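For reference, the structure is listed below as C-alpha cells.
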Amino acid sequence: MALIQCSQCQHHISKKAATCPQCGHPNEQLDITPKERKVSLLLFLGIAFVPYIFSWFTLRKGYRLMTQVI
C-alpha cells in the first residue's frame, strides 16, 4: 500500500483513501471517475425470457393445480 502526503495537513495517508483521516481533506490524487457499465444482450434476453420458460414448464400437464396457480 503506497502512502502519500495530505496536501492540507502533511500527514501520511493511503493512496486509496478518499479523505485524510486526520483532517478530512479529500484526496486529490484519488481517481474517482465513474466507469460506464454495459449490460450485455445475453443478460437482457435471459432476464426477459426466463420467466416465460419457467411458466411454460410449470403449466404443462402433470403438475398439481396449486403448483400451476403459484
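Starting from 1 in every chain, residues are counted up; chains themselves are A, B, ... following the order of the C-alpha cells, and ligands are numbered from 1 as listed.
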Would you please give, as an MDAnalysis selection string, all residues of chain A that DSSP assigns to strand (DSSP E) based on the backbone? chainID A and resid 3:5 12:14
Output file for the residues above (N, CA and C atoms, as an mmCIF file, in the first residue's frame):
```cif
data_model
loop_
_atom_site.group_PDB
_atom_site.id
_atom_site.type_symbol
_atom_site.label_atom_id
_atom_site.label_comp_id
_atom_site.auth_asym_id
_atom_site.auth_seq_id
_atom_site.Cartn_x
_atom_site.Cartn_y
_atom_site.Cartn_z
ATOM 1 N N LEU A 3 1.855 5.162 0.339
ATOM 2 C CA LEU A 3 1.447 6.289 1.172
ATOM 3 C C LEU A 3 1.811 7.592 0.478
ATOM 4 N N ILE A 4 0.930 8.565 0.609
ATOM 5 C CA ILE A 4 1.186 9.896 0.085
ATOM 6 C C ILE A 4 0.955 10.892 1.205
ATOM 7 N N GLN A 5 1.369 12.133 0.984
ATOM 8 C CA GLN A 5 1.148 13.158 1.994
ATOM 9 C C GLN A 5 -0.121 13.927 1.688
ATOM 10 N N HIS A 12 0.792 11.378 6.486
ATOM 11 C CA HIS A 12 0.818 10.299 5.503
ATOM 12 C C HIS A 12 -0.528 9.577 5.511
ATOM 13 N N ILE A 13 -1.085 9.421 4.311
ATOM 14 C CA ILE A 13 -2.354 8.712 4.153
ATOM 15 C C ILE A 13 -2.201 7.696 3.026
ATOM 16 N N SER A 14 -3.107 6.740 2.971
ATOM 17 C CA SER A 14 -3.093 5.749 1.912
ATOM 18 C C SER A 14 -3.449 6.406 0.582
#
```
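Between CA of Ser7 (chain A) and CA of Lys35 (chain A) the interatomic distance comes to 26.2 Å.
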Extract the full set of helix (DSSP H, G or I) residues from region 20-60 of chain A according to DSSP on the backbone, and format it as a ChimeraX atom specification. /A:41-58
As a check of understanding: the span from CA of Leu59 (chain A) to CA of Ser40 (chain A) is 29.7 Å
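One finds CA of Lys16 (chain A) at 27.6 Å from CA of Val39 (chain A).
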